[in-house]
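Visitor: Sharing upload.txt below, compact mmCIF, C-alpha atoms:
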# COMPACT_ATOMS: atom_id res chain seq x y z
CA MET A 1 7.73 135.31 98.51
CA ALA A 2 8.71 132.97 95.74
CA ALA A 3 11.18 130.25 96.67
CA THR A 4 14.76 130.66 95.44
CA PRO A 5 16.03 127.86 93.16
CA ARG A 6 18.07 126.55 96.09
CA GLU A 7 15.06 126.43 98.43
CA PHE A 8 13.05 124.78 95.69
CA ALA A 9 15.74 122.13 95.13
CA GLU A 10 15.67 121.40 98.86
CA GLY A 11 11.89 121.04 98.67
CA ILE A 12 12.20 118.57 95.77
CA GLY A 13 14.81 116.68 97.79
CA ARG A 14 12.36 116.42 100.69
CA ALA A 15 9.65 115.24 98.27
CA PHE A 16 11.91 112.44 96.96
CA ALA A 17 12.87 111.45 100.51
CA GLY A 18 9.23 111.41 101.63
CA ALA A 19 8.15 109.42 98.58
CA LEU A 20 10.87 106.80 99.14
CA LEU A 21 10.34 106.57 102.88
CA PHE A 22 6.67 105.77 102.49
CA SER A 23 6.59 103.80 99.25
CA LEU A 24 9.68 101.58 99.37
CA PRO A 25 7.85 98.78 101.23
CA ILE A 26 5.00 99.08 98.71
CA LEU A 27 7.48 99.09 95.79
CA MET A 28 8.72 95.74 97.15
CA THR A 29 5.21 94.23 97.36
CA MET A 30 4.61 91.81 94.48
CA GLU A 31 0.82 92.19 94.44
CA MET A 32 1.41 95.85 93.51
CA TRP A 33 3.54 94.82 90.50
CA TRP A 34 0.80 92.45 89.39
CA LEU A 35 -2.02 94.94 89.93
CA GLY A 36 -0.06 97.32 87.69
CA PHE A 37 -0.88 95.16 84.68
CA TYR A 38 -4.06 93.25 85.48
CA MET A 39 -5.99 96.18 86.95
CA ALA A 40 -8.35 97.64 84.33
CA PRO A 41 -6.84 100.92 82.99
CA TRP A 42 -9.94 102.95 83.96
CA ARG A 43 -9.55 101.90 87.60
CA LEU A 44 -5.92 102.97 87.64
CA ILE A 45 -6.71 106.33 86.03
CA LEU A 46 -9.64 106.83 88.42
CA MET A 47 -7.29 106.16 91.35
CA VAL A 48 -4.75 108.73 90.10
CA ALA A 49 -7.57 111.27 89.67
CA ALA A 50 -9.30 110.51 92.99
CA PHE A 51 -6.08 111.06 94.94
CA PHE A 52 -5.39 114.44 93.36
CA PRO A 53 -7.74 116.51 95.60
CA ILE A 54 -6.34 114.68 98.63
CA LEU A 55 -2.82 115.59 97.53
CA VAL A 56 -3.80 119.25 97.04
CA ALA A 57 -5.28 119.44 100.56
CA LEU A 58 -2.27 117.62 101.96
CA SER A 59 0.01 120.18 100.32
CA HIS A 60 -1.97 122.88 102.16
CA PHE A 61 -1.54 121.28 105.58
CA VAL A 62 1.80 119.41 105.27
CA GLY A 63 3.41 119.24 101.81
CA PHE A 64 7.11 119.20 100.99
CA ASP A 65 7.60 122.98 101.03
CA GLU A 66 5.84 126.23 101.87
CA THR A 67 2.80 127.09 99.80
CA ALA A 68 0.93 130.37 99.39
CA GLY A 69 -2.62 129.38 98.57
CA LEU A 70 -4.65 127.05 96.40
CA PRO A 71 -2.84 127.51 93.01
CA HIS A 72 0.46 126.88 94.75
CA ASP A 73 -0.96 123.76 96.45
CA ILE A 74 -2.13 122.45 93.06
CA VAL A 75 1.35 123.08 91.62
CA HIS A 76 2.96 121.14 94.47
CA ALA A 77 0.48 118.26 94.21
CA THR A 78 1.29 117.95 90.48
CA VAL A 79 5.04 118.11 91.15
CA ALA A 80 4.54 115.39 93.79
CA TYR A 81 3.09 113.10 91.09
CA GLY A 82 6.07 113.88 88.85
CA VAL A 83 8.53 113.14 91.66
CA ALA A 84 6.60 109.98 92.58
CA PHE A 85 6.59 108.70 88.98
CA THR A 86 10.33 109.30 88.57
CA CYS A 87 11.06 107.72 91.94
CA SER A 88 8.89 104.64 91.25
CA ALA A 89 10.36 104.14 87.77
CA ALA A 90 13.92 104.34 89.14
CA ILE A 91 13.35 101.95 92.06
CA LEU A 92 11.30 99.43 90.05
CA GLY A 93 14.08 99.52 87.44
CA VAL A 94 16.78 98.90 90.04
CA LEU A 95 14.75 96.05 91.56
CA ALA A 96 14.48 94.37 88.09
CA ILE A 97 10.70 94.61 88.15
CA LEU A 98 10.79 96.49 84.83
CA ARG A 99 12.52 94.47 82.15
CA PRO A 100 12.77 94.32 78.37
CA GLY A 101 10.09 92.14 76.78
CA MET A 102 7.36 93.62 78.96
CA GLY A 103 4.65 95.46 77.04
CA VAL A 104 4.29 99.26 77.17
CA ARG A 105 1.02 98.89 79.08
CA GLU A 106 2.59 96.61 81.68
CA LEU A 107 5.52 99.00 82.24
CA THR A 108 3.35 102.15 82.39
CA GLY A 109 0.74 100.51 84.63
CA LYS A 110 3.31 99.27 87.13
CA ILE A 111 4.96 102.69 87.47
CA LEU A 112 1.73 104.72 87.50
CA LEU A 113 0.14 102.55 90.20
CA GLN A 114 3.16 102.97 92.48
CA SER A 115 3.13 106.74 91.86
CA VAL A 116 -0.06 107.10 93.90
CA PRO A 117 1.34 106.02 97.31
CA ALA A 118 4.69 107.64 96.48
CA ALA A 119 2.97 111.01 95.85
CA LEU A 120 1.18 110.67 99.19
CA GLY A 121 4.57 110.09 100.82
CA ALA A 122 6.11 113.07 98.99
CA LEU A 123 3.46 115.43 100.35
CA LEU A 124 3.84 114.05 103.87
CA ALA A 125 7.56 114.82 103.77
CA GLN A 126 7.28 117.75 106.18
CA ALA A 127 5.47 115.56 108.71
CA HIS A 128 8.72 113.57 108.95
CA PHE A 129 11.34 116.23 108.35
CA GLY A 130 9.78 119.16 110.20
CA SER A 131 7.14 121.69 109.14
CA PRO A 132 7.53 125.42 108.69
CA PRO A 133 5.56 127.31 111.42
CA GLU A 134 3.08 128.51 108.79
CA LYS A 135 1.86 124.95 108.13
CA GLU A 136 1.74 124.11 111.81
CA GLN A 137 -0.49 127.12 112.30
CA ARG A 138 -2.80 125.96 109.50
CA ARG A 139 -3.09 122.59 111.24
CA ARG A 140 -3.64 124.22 114.64
CA GLU A 141 -6.45 126.31 113.22
CA ALA A 142 -7.96 123.37 111.38
CA SER A 143 -11.75 123.11 111.39
CA TYR A 144 -13.72 119.98 112.27
CA LEU A 145 -13.85 119.12 108.58
CA SER A 146 -10.06 119.42 108.32
CA HIS A 147 -9.70 117.08 111.28
CA LEU A 148 -11.80 114.56 109.40
CA PHE A 149 -9.43 115.04 106.45
CA PHE A 150 -6.46 114.20 108.72
CA ILE A 151 -8.31 111.02 109.73
CA VAL A 152 -8.72 110.03 106.06
CA VAL A 153 -5.02 110.71 105.34
CA GLY A 154 -3.95 108.67 108.38
CA ALA A 155 -6.22 105.80 107.37
CA LEU A 156 -4.84 105.86 103.81
CA TYR A 157 -1.27 106.05 105.08
CA VAL A 158 -1.45 102.81 107.05
CA ALA A 159 -4.06 100.90 105.01
CA MET A 160 -2.29 101.57 101.69
CA THR A 161 0.72 99.42 102.60
CA VAL A 162 -1.39 96.28 103.23
CA ALA A 163 -4.44 96.85 101.00
CA PRO A 164 -2.96 95.27 97.82
CA THR A 165 -1.74 92.09 99.54
CA ASP A 166 -3.43 88.69 99.15
CA GLU A 167 -3.47 88.41 102.93
CA MET A 168 -6.49 90.75 103.11
CA VAL A 169 -8.58 88.30 101.08
CA LEU A 170 -7.14 85.33 102.98
CA ILE A 171 -7.84 86.79 106.44
CA ALA A 172 -11.36 87.83 105.40
CA ALA A 173 -12.03 84.27 104.26
CA ARG A 174 -10.81 82.77 107.54
CA MET A 175 -12.86 85.09 109.76
CA THR A 176 -16.26 84.22 111.14
CA ASP A 177 -18.83 86.94 111.85
CA ALA A 178 -17.76 86.90 115.52
CA HIS A 179 -14.17 87.65 114.49
CA ALA A 180 -15.35 90.52 112.32
CA ILE A 181 -17.40 92.02 115.17
CA ALA A 182 -14.42 91.69 117.53
CA ALA A 183 -12.16 93.42 114.97
CA ALA A 184 -14.67 96.26 114.63
CA ILE A 185 -14.87 96.72 118.43
CA ILE A 186 -11.06 96.75 118.72
CA SER A 187 -10.84 99.33 115.91
CA LEU A 188 -13.37 101.59 117.64
CA ALA A 189 -11.63 101.23 121.01
CA LEU A 190 -8.23 102.01 119.46
CA LEU A 191 -9.59 105.13 117.81
CA HIS A 192 -11.32 106.34 120.95
CA VAL A 193 -8.27 105.80 123.18
CA PHE A 194 -5.95 107.54 120.73
CA VAL A 195 -8.30 110.41 120.03
CA TYR A 196 -9.37 111.21 123.58
CA GLY A 197 -7.27 109.17 125.96
CA ALA A 198 -3.72 109.88 124.91
CA GLY A 199 -3.23 113.22 126.61
CA PHE A 200 -5.19 115.63 124.48
CA ALA A 201 -6.36 117.80 127.34
CA GLY A 202 -6.71 121.36 126.12
CA HIS A 203 -7.04 120.32 122.51
CA PRO A 204 -9.86 122.28 120.92
CA VAL A 205 -11.56 119.22 119.49
CA SER A 206 -11.32 117.03 122.58
CA GLU A 207 -12.35 119.82 124.93
CA ASP A 208 -15.92 120.16 123.90
CA ALA A 209 -17.86 117.89 126.24
CA PRO A 210 -17.95 116.74 129.82
CA ASN A 211 -20.47 114.19 128.62
CA ALA A 212 -18.68 111.19 127.04
CA LEU A 213 -21.20 110.25 124.36
CA ARG A 214 -20.94 113.36 122.22
CA PRO A 215 -17.16 113.21 121.56
CA PHE A 216 -17.49 109.48 121.00
CA LEU A 217 -19.98 110.14 118.23
CA ARG A 218 -18.21 113.27 117.01
CA LEU A 219 -14.77 111.84 116.23
CA THR A 220 -14.60 108.14 117.10
CA VAL A 221 -17.67 106.88 115.28
CA VAL A 222 -17.25 109.31 112.38
CA GLY A 223 -13.53 108.41 112.29
CA TYR A 224 -14.31 104.70 112.12
CA ALA A 225 -16.89 105.25 109.41
CA LEU A 226 -14.27 107.15 107.38
CA SER A 227 -11.71 104.38 108.00
CA LEU A 228 -14.17 101.80 106.70
CA GLY A 229 -14.83 104.05 103.71
CA VAL A 230 -11.09 104.26 102.94
CA SER A 231 -10.79 100.50 103.41
CA ALA A 232 -13.69 99.71 101.08
CA PHE A 233 -12.45 102.19 98.47
CA LEU A 234 -8.94 100.67 98.39
CA LEU A 235 -10.24 97.09 98.21
CA TRP A 236 -12.70 98.02 95.48
CA ILE A 237 -10.17 99.92 93.36
CA PHE A 238 -7.74 96.97 93.65
CA GLY A 239 -10.52 94.72 92.35
CA ARG A 240 -10.86 92.68 95.54
CA PHE A 241 -14.66 92.91 95.50
CA GLU A 242 -15.06 91.47 92.02
CA ASN A 243 -17.22 88.33 91.91
CA GLU A 244 -17.49 88.32 95.71
CA SER A 245 -20.68 87.93 97.72
CA ILE A 246 -21.57 90.41 100.45
CA VAL A 247 -20.06 88.49 103.40
CA PRO A 248 -16.43 88.44 102.18
CA ILE A 249 -16.85 92.08 101.11
CA VAL A 250 -17.94 93.12 104.61
CA HIS A 251 -15.27 90.97 106.27
CA GLY A 252 -12.57 92.35 103.97
CA THR A 253 -13.63 95.94 104.70
CA VAL A 254 -13.51 95.29 108.46
CA VAL A 255 -10.11 93.57 108.20
CA LEU A 256 -8.52 96.45 106.30
CA GLY A 257 -10.53 98.79 108.57
CA LEU A 258 -8.31 97.75 111.48
CA PRO A 259 -5.05 99.18 110.09
CA ALA A 260 -7.06 102.08 108.62
CA ALA A 261 -8.48 102.94 112.06
CA LEU A 262 -5.03 102.67 113.62
CA GLY A 263 -3.70 105.09 110.99
CA ALA A 264 -6.66 107.42 111.53
CA ALA A 265 -5.97 107.40 115.26
CA ALA A 266 -2.25 107.96 114.79
CA ALA A 267 -2.92 110.91 112.48
CA ARG A 268 -4.30 112.69 115.54
CA LEU A 269 -0.84 112.39 117.08
CA THR A 270 1.30 113.22 114.06
CA LEU A 271 -0.74 115.78 112.11
CA ASP A 272 -2.54 117.61 114.92
CA THR A 273 -0.33 120.04 116.74
CA GLU A 274 -1.08 121.37 120.17
CA MET B 275 -13.51 140.74 107.96
CA THR B 276 -11.64 138.92 110.67
CA PRO B 277 -7.85 139.16 110.68
CA ARG B 278 -7.66 135.51 109.72
CA SER B 279 -9.85 135.71 106.64
CA LYS B 280 -8.00 138.87 105.61
CA GLN B 281 -4.73 136.98 105.86
CA LYS B 282 -6.26 134.18 103.84
CA ALA B 283 -7.44 136.51 101.10
CA SER B 284 -4.01 138.08 100.76
CA GLU B 285 -2.50 134.60 100.70
CA ASP B 286 -4.70 133.72 97.75
CA GLN B 287 -3.80 136.92 95.93
CA ARG B 288 -0.13 136.20 96.36
CA GLY B 289 -0.75 132.63 95.17
CA HIS B 290 0.39 133.14 91.58
CA ALA B 291 3.30 135.46 92.35
CA ALA B 292 4.63 133.06 94.97
CA ILE B 293 5.25 130.30 92.41
CA SER B 294 8.88 130.57 91.30
CA PRO B 295 10.10 129.94 87.71
CA ALA B 296 11.77 126.71 88.86
CA GLU B 297 8.41 125.51 90.18
CA TRP B 298 6.70 126.33 86.87
CA ILE B 299 9.32 124.22 85.06
CA ALA B 300 8.88 121.34 87.53
CA VAL B 301 5.10 121.45 87.26
CA ALA B 302 5.27 121.46 83.44
CA ILE B 303 7.56 118.40 83.45
CA SER B 304 5.45 116.63 86.08
CA ALA B 305 2.18 117.29 84.28
CA ALA B 306 3.74 116.06 81.02
CA ILE B 307 4.92 112.84 82.71
CA VAL B 308 1.58 112.04 84.34
CA ILE B 309 -0.57 112.99 81.33
CA GLY B 310 1.87 111.08 79.10
CA ALA B 311 1.55 107.99 81.26
CA VAL B 312 -2.25 108.15 81.29
CA VAL B 313 -2.40 108.64 77.50
CA THR B 314 0.08 105.78 76.94
CA LEU B 315 -2.03 103.56 79.15
CA LEU B 316 -5.21 104.45 77.24
CA LEU B 317 -3.55 104.00 73.83
CA HIS B 318 -2.13 100.62 74.73
CA ALA B 319 -5.18 99.39 76.60
CA PRO B 320 -6.70 96.57 74.61
CA ARG B 321 -9.85 97.63 72.78
CA ASP B 322 -11.75 94.61 74.11
CA ARG B 323 -10.96 92.48 77.11
CA THR B 324 -10.51 89.43 74.87
CA PRO B 325 -9.29 86.19 76.48
CA PRO B 326 -5.55 85.54 76.67
CA ASP B 327 -4.02 84.32 73.40
CA LEU B 328 -0.89 82.46 74.40
CA VAL B 329 1.72 81.78 71.73
CA VAL B 330 4.84 79.75 72.52
CA THR B 331 7.94 79.85 70.34
CA VAL B 332 10.93 77.56 70.83
CA ASP B 333 14.14 79.60 70.94
CA GLY B 334 16.60 76.73 70.94
CA VAL B 335 17.57 73.27 72.16
CA GLU B 336 20.93 72.74 73.84
CA PRO B 337 22.59 69.96 75.82
CA VAL B 338 22.96 70.62 79.56
CA THR B 339 24.38 68.44 82.36
CA ALA B 340 21.03 66.85 83.18
CA GLY B 341 20.03 66.22 79.55
CA PHE B 342 18.58 68.73 77.10
CA LEU B 343 17.25 72.23 77.64
CA VAL B 344 14.51 73.66 75.44
CA ARG B 345 14.35 77.45 75.83
CA PHE B 346 11.12 79.16 74.80
CA THR B 347 9.30 82.49 74.77
CA ILE B 348 5.62 82.87 75.56
CA ASP B 349 3.69 85.88 74.21
CA ASN B 350 0.21 86.89 75.26
CA LYS B 351 -1.44 88.43 72.18
CA GLY B 352 -4.88 88.53 73.81
CA GLY B 353 -6.60 91.34 75.69
CA THR B 354 -6.35 90.14 79.31
CA THR B 355 -3.69 88.84 81.67
CA ALA B 356 -3.34 85.08 82.13
CA ALA B 357 -2.34 83.83 85.59
CA HIS B 358 -0.73 80.50 86.51
CA VAL B 359 0.05 79.64 82.90
CA ILE B 360 1.15 76.02 82.38
CA VAL B 361 3.45 75.36 79.41
CA ARG B 362 4.03 71.73 78.43
CA GLY B 363 6.59 70.26 76.07
CA GLU B 364 6.11 66.96 74.27
CA SER B 365 8.46 65.01 72.11
CA ARG B 366 6.46 62.46 70.19
CA GLY B 367 8.22 59.40 68.90
CA ASN B 368 10.80 59.82 71.63
CA ALA B 369 11.62 56.62 73.57
CA GLY B 370 11.24 58.34 76.96
CA GLY B 371 7.73 59.72 76.34
CA GLU B 372 8.54 62.85 78.35
CA ASP B 373 6.22 65.81 78.87
CA PRO B 374 7.97 68.38 81.13
CA GLU B 375 6.03 71.45 82.34
CA ALA B 376 6.86 75.01 83.34
CA VAL B 377 4.48 77.39 85.20
CA PHE B 378 4.35 81.20 84.92
CA ASP B 379 2.70 83.27 87.67
CA TYR B 380 1.51 85.85 85.16
CA VAL B 381 1.74 86.54 81.44
CA PRO B 382 0.21 90.05 81.03
CA ASP B 383 -1.47 91.00 77.75
CA GLY B 384 0.97 92.48 75.29
CA SER B 385 3.94 91.13 77.23
CA ARG B 386 6.30 88.17 76.90
CA ARG B 387 8.02 85.86 79.36
CA ARG B 388 10.83 83.33 78.88
CA GLY B 389 11.33 79.87 80.31
CA GLY B 390 12.91 76.47 79.78
CA LEU B 391 11.90 72.80 79.73
CA LEU B 392 14.21 69.91 80.59
CA PHE B 393 14.29 66.60 78.72
CA THR B 394 16.54 63.65 79.52
CA HIS B 395 16.65 62.54 75.87
CA ASP B 396 17.29 64.79 72.90
CA PRO B 397 13.76 66.01 72.00
CA ARG B 398 14.89 66.78 68.44
CA GLN B 399 14.93 63.07 67.75
CA GLY B 400 11.12 63.06 67.99
CA GLN B 401 8.56 65.66 67.01
CA LEU B 402 8.92 68.48 69.57
CA THR B 403 5.92 70.62 70.48
CA VAL B 404 5.78 73.26 73.22
CA HIS B 405 2.45 74.89 74.00
CA ALA B 406 0.40 76.47 76.80
CA VAL B 407 -2.12 74.00 78.19
CA GLY B 408 -4.00 76.16 80.71
CA TYR B 409 -4.25 79.32 82.78
CA ARG B 410 -6.58 80.95 85.29
CA GLU B 411 -7.95 84.50 85.42
CA PRO B 412 -6.04 86.72 87.88
Using the file provided, produce a representation of the structure as structure tokens.
Guide:
Amino acid sequence: MAATPREFAEGIGRAFAGALLFSLPILMTMEMWWLGFYMAPWRLILMVAAFFPILVALSHFVGFDETAGLPHDIVHATVAYGVAFTCSAAILGVLAILRPGMGVRELTGKILLQSVPAALGALLAQAHFGSPPEKEQRRREASYLSHLFFIVVGALYVAMTVAPTDEMVLIAARMTDAHAIAAAIISLALLHVFVYGAGFAGHPVSEDAPNALRPFLRLTVVGYALSLGVSAFLLWIFGRFENESIVPIVHGTVVLGLPAALGAAAARLTLDTE
Amino acid sequence: MTPRSKQKASEDQRGHAAISPAEWIAVAISAAIVIGAVVTLLLHAPRDRTPPDLVVTVDGVEPVTAGFLVRFTIDNKGGTTAAHVIVRGESRGNAGGEDPEAVFDYVPDGSRRRGGLLFTHDPRQGQLTVHAVGYREP
């Protein structure tokens, strides 16, 4: 069944609301304005492209409206970028971040960079404002691989808001190796407690073993590895690894890995349905 | 075929029909916006990442309560962003020997920023120069 124009307008409304809800704090982060112009254009374009498959899959499981298969998911992911761009341009304009005298590249870069988190927010709209039963069923029937996808989305959701800030570099520089190891242990513990401890009895994924080691490896360790992957990707794309030696790179990844792991863990609560 | 995969197959078949005309319009506009932005970015991206080329122009000198204000514009005609740009004004031959400074967080390539320098004596009495004296890479 195709959506009526009214239903579609409601969907677009949800997309705008979701985009704003998630990206307003990021729109008010000055490092994001600066990255918009000093980030190399190829990095920015790569980021927009790399997020597209994530947005398509997100449209399948959450989205801002009902979808009927892959072509429809692709349509919604593209619309999410359009909504996100419009939303970012409007808010950055209102906040006087975009002004006359700025070059075309500066203006375009600033808006396009902010469109990426805003599009993520747009396609998570139904996680905030209620999902149709069809999407809940898709999430209930999710395979192991889909659960790993939820972990990546959760990690991105929380890590994205802090990844561009200078504090990541500053904290990484202050940490000793002992601090980094402690942060990694806390991240793993958080993930494990959220994934298996917080009342998931009867959940298909948490049910599989009386023996504690297997589930630990199956979701916690894999989840943390994915969180570190998300963390390293965001820091790299924002150019935080440039001209750095290996120690600050590892420390930075572990630092951003902490919010990423928290987001990954929380995704088990918000995206997984019993 | 299990009931689930059957349902999935029919979902995929309905995929195209399920997209309403309004959605096609929205997707066309959205795709145009995003592709337009990417193309604009590529067209305006500097060919080479040449160092910042900072050009300062004086827009005017006017008396203010504390002395004299020199308003200026700084343009970056180079290929990369300059961070922490220091602009210094000098008025040679002026009795005070003043050299006020202004600092800009960023002057992106292809963009311009405005600022002002404050003198206690009228800098037009001497030979006024305003120029960028340094920056760092972002």
Visitor: Which residues come within 10 Å of Leu55 in chain A, counting only C-alpha atoms, excluding same-chain residues fewer than 4 positions away, as a list in words?
Guide: Ala50, Phe51, Ser59, His60, Phe61, Val62, Gly63, Asp73, Ile74, His76, Ala77, Thr78, Ala80, Tyr81, Val116, Ala119, Leu120, Gly121, Ala122, Leu123, Leu124 and Val153 of chain A
Visitor: Return the neighbours of chain B among the residues of chain A, cut-off 6 Å, counting only C-alpha atoms, as a PyMOL selection string.
Guide: chain A and resi 1-3+38+68-69+71-72+75+79+82+101-103+105
Visitor: How many Å lie between CA of Leu24 in chain A and CA of Ala84 in chain A, rounded to one decimal?
Guide: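 These atoms are spaced 11.2 Å apart.
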Visitor: Point out the residue among A:His179, A:His147, A:Lys110, A:His251 with the least atom-to-atom distance to Ala265 in chain A, counting only C-alpha atoms.
Guide: A:His147
Visitor: Do you have the CA of Leu258 in chain A-CA of Thr29 in chain A distance handy?
Guide: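 About the pair CA of Leu258 in chain A and CA of Thr29 in chain A: they are 19.9 Å apart.
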Visitor: Grab the CA of Ala180 in chain A to CA of Phe149 in chain A distance for me, in Å with one decimal place.
Guide: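 So the two atoms, CA of Ala180 in chain A and CA of Phe149 in chain A, lie 25.9 Å apart.
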Visitor: Name the closest residue to Gly263 in chain A among the candidates A:Phe8, A:Tyr196, A:Phe150, A:Phe216; distances are taken between atoms, counting all atoms listed in the file.
Guide: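 So, comparing all the options, the nearest one is A:Phe150.
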Visitor: Near Trp33 in chain A, within 9 Å and counting all atoms listed in the file, which residues show up once chain neighbours fewer than 3 positions away are dropped, as an mmCIF file with C-alpha atoms, in the frame of the given file?
Guide:
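Output file selection_26.cif follows:
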data_model
loop_
_atom_site.group_PDB
_atom_site.id
_atom_site.type_symbol
_atom_site.label_atom_id
_atom_site.label_comp_id
_atom_site.auth_asym_id
_atom_site.auth_seq_id
_atom_site.Cartn_x
_atom_site.Cartn_y
_atom_site.Cartn_z
ATOM 1 C CA LEU A 27 7.480 99.090 95.790
ATOM 2 C CA MET A 28 8.720 95.740 97.150
ATOM 3 C CA THR A 29 5.210 94.230 97.360
ATOM 4 C CA MET A 30 4.610 91.810 94.480
ATOM 5 C CA GLY A 36 -0.060 97.320 87.690
ATOM 6 C CA PHE A 37 -0.880 95.160 84.680
ATOM 7 C CA ILE A 97 10.700 94.610 88.150
ATOM 8 C CA GLY A 109 0.740 100.510 84.630
ATOM 9 C CA LYS A 110 3.310 99.270 87.130
ATOM 10 C CA ILE A 111 4.960 102.690 87.470
ATOM 11 C CA LEU A 113 0.140 102.550 90.200
ATOM 12 C CA GLN A 114 3.160 102.970 92.480
#
Visitor: Let me make sure I understand: among B:Gly390, B:Gly363, B:Gly353, B:Gly400, which one has the smallest atom-to-atom distance to Gly334 in chain B if we use only C-alpha atoms?
Guide: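 Among B:Gly390, B:Gly363, B:Gly353, B:Gly400, it is B:Gly390 that comes nearest to Gly334 in chain B.
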Visitor: Give as a short mmCIF file (atom, residue, chain, number, x, y, z; two decimals) with C-alpha atoms, in the frame of the given file each residue that has an atom at most 8 Å from (10.0, 104.3, 84.7) in the file, counting all atoms listed in the file.
Guide:
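Writing the result to result_35.cif gives the following:
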data_model
loop_
_atom_site.label_atom_id
_atom_site.label_comp_id
_atom_site.auth_asym_id
_atom_site.auth_seq_id
_atom_site.Cartn_x
_atom_site.Cartn_y
_atom_site.Cartn_z
CA PHE A 85 6.59 108.70 88.98
CA THR A 86 10.33 109.30 88.57
CA SER A 88 8.89 104.64 91.25
CA ALA A 89 10.36 104.14 87.77
CA ALA A 90 13.92 104.34 89.14
CA LEU A 92 11.30 99.43 90.05
CA GLY A 93 14.08 99.52 87.44
CA LEU A 98 10.79 96.49 84.83
CA LEU A 107 5.52 99.00 82.24
CA THR A 108 3.35 102.15 82.39
CA ILE A 111 4.96 102.69 87.47
#
Visitor: Using the incomplete input, complete range 18-29 of chain A to the level of N, CA, C and O atoms; output as a JSON list (two decimals), in the frame of the given file.
Guide:
[["chain", "number", "residue", "atom", "x", "y", "z"],
["A", 18, "GLY", "N", 10.53, 111.81, 101.10],
["A", 18, "GLY", "CA", 9.23, 111.41, 101.63],
["A", 18, "GLY", "C", 8.61, 110.30, 100.81],
["A", 18, "GLY", "O", 8.04, 109.34, 101.35],
["A", 19, "ALA", "N", 8.72, 110.42, 99.47],
["A", 19, "ALA", "CA", 8.15, 109.42, 98.58],
["A", 19, "ALA", "C", 8.80, 108.06, 98.83],
["A", 19, "ALA", "O", 8.12, 107.04, 98.96],
["A", 20, "LEU", "N", 10.13, 108.05, 98.92],
["A", 20, "LEU", "CA", 10.87, 106.80, 99.14],
["A", 20, "LEU", "C", 10.53, 106.19, 100.49],
["A", 20, "LEU", "O", 10.27, 104.99, 100.60],
["A", 21, "LEU", "N", 10.54, 107.04, 101.51],
["A", 21, "LEU", "CA", 10.34, 106.57, 102.88],
["A", 21, "LEU", "C", 9.02, 105.83, 103.00],
["A", 21, "LEU", "O", 8.92, 104.78, 103.61],
["A", 22, "PHE", "N", 7.98, 106.41, 102.38],
["A", 22, "PHE", "CA", 6.67, 105.77, 102.49],
["A", 22, "PHE", "C", 6.50, 104.61, 101.52],
["A", 22, "PHE", "O", 5.94, 103.58, 101.86],
["A", 23, "SER", "N", 7.00, 104.76, 100.27],
["A", 23, "SER", "CA", 6.59, 103.80, 99.25],
["A", 23, "SER", "C", 7.56, 102.65, 99.03],
["A", 23, "SER", "O", 7.22, 101.71, 98.33],
["A", 24, "LEU", "N", 8.75, 102.69, 99.62],
["A", 24, "LEU", "CA", 9.68, 101.58, 99.37],
["A", 24, "LEU", "C", 9.10, 100.22, 99.76],
["A", 24, "LEU", "O", 9.20, 99.27, 98.98],
["A", 25, "PRO", "N", 8.46, 100.08, 100.92],
["A", 25, "PRO", "CA", 7.85, 98.78, 101.23],
["A", 25, "PRO", "C", 6.79, 98.38, 100.20],
["A", 25, "PRO", "O", 6.65, 97.21, 99.88],
["A", 26, "ILE", "N", 6.05, 99.38, 99.69],
["A", 26, "ILE", "CA", 5.00, 99.08, 98.71],
["A", 26, "ILE", "C", 5.63, 98.74, 97.36],
["A", 26, "ILE", "O", 5.14, 97.89, 96.63],
["A", 27, "LEU", "N", 6.77, 99.40, 97.04],
["A", 27, "LEU", "CA", 7.48, 99.09, 95.79],
["A", 27, "LEU", "C", 8.01, 97.66, 95.82],
["A", 27, "LEU", "O", 8.26, 97.06, 94.79],
["A", 28, "MET", "N", 8.20, 97.11, 97.02],
["A", 28, "MET", "CA", 8.72, 95.74, 97.15],
["A", 28, "MET", "C", 7.60, 94.74, 97.41],
["A", 28, "MET", "O", 7.86, 93.62, 97.86],
["A", 29, "THR", "N", 6.35, 95.13, 97.16],
["A", 29, "THR", "CA", 5.21, 94.23, 97.36],
["A", 29, "THR", "C", 4.79, 93.68, 96.00],
["A", 29, "THR", "O", 4.43, 94.44, 95.12]]
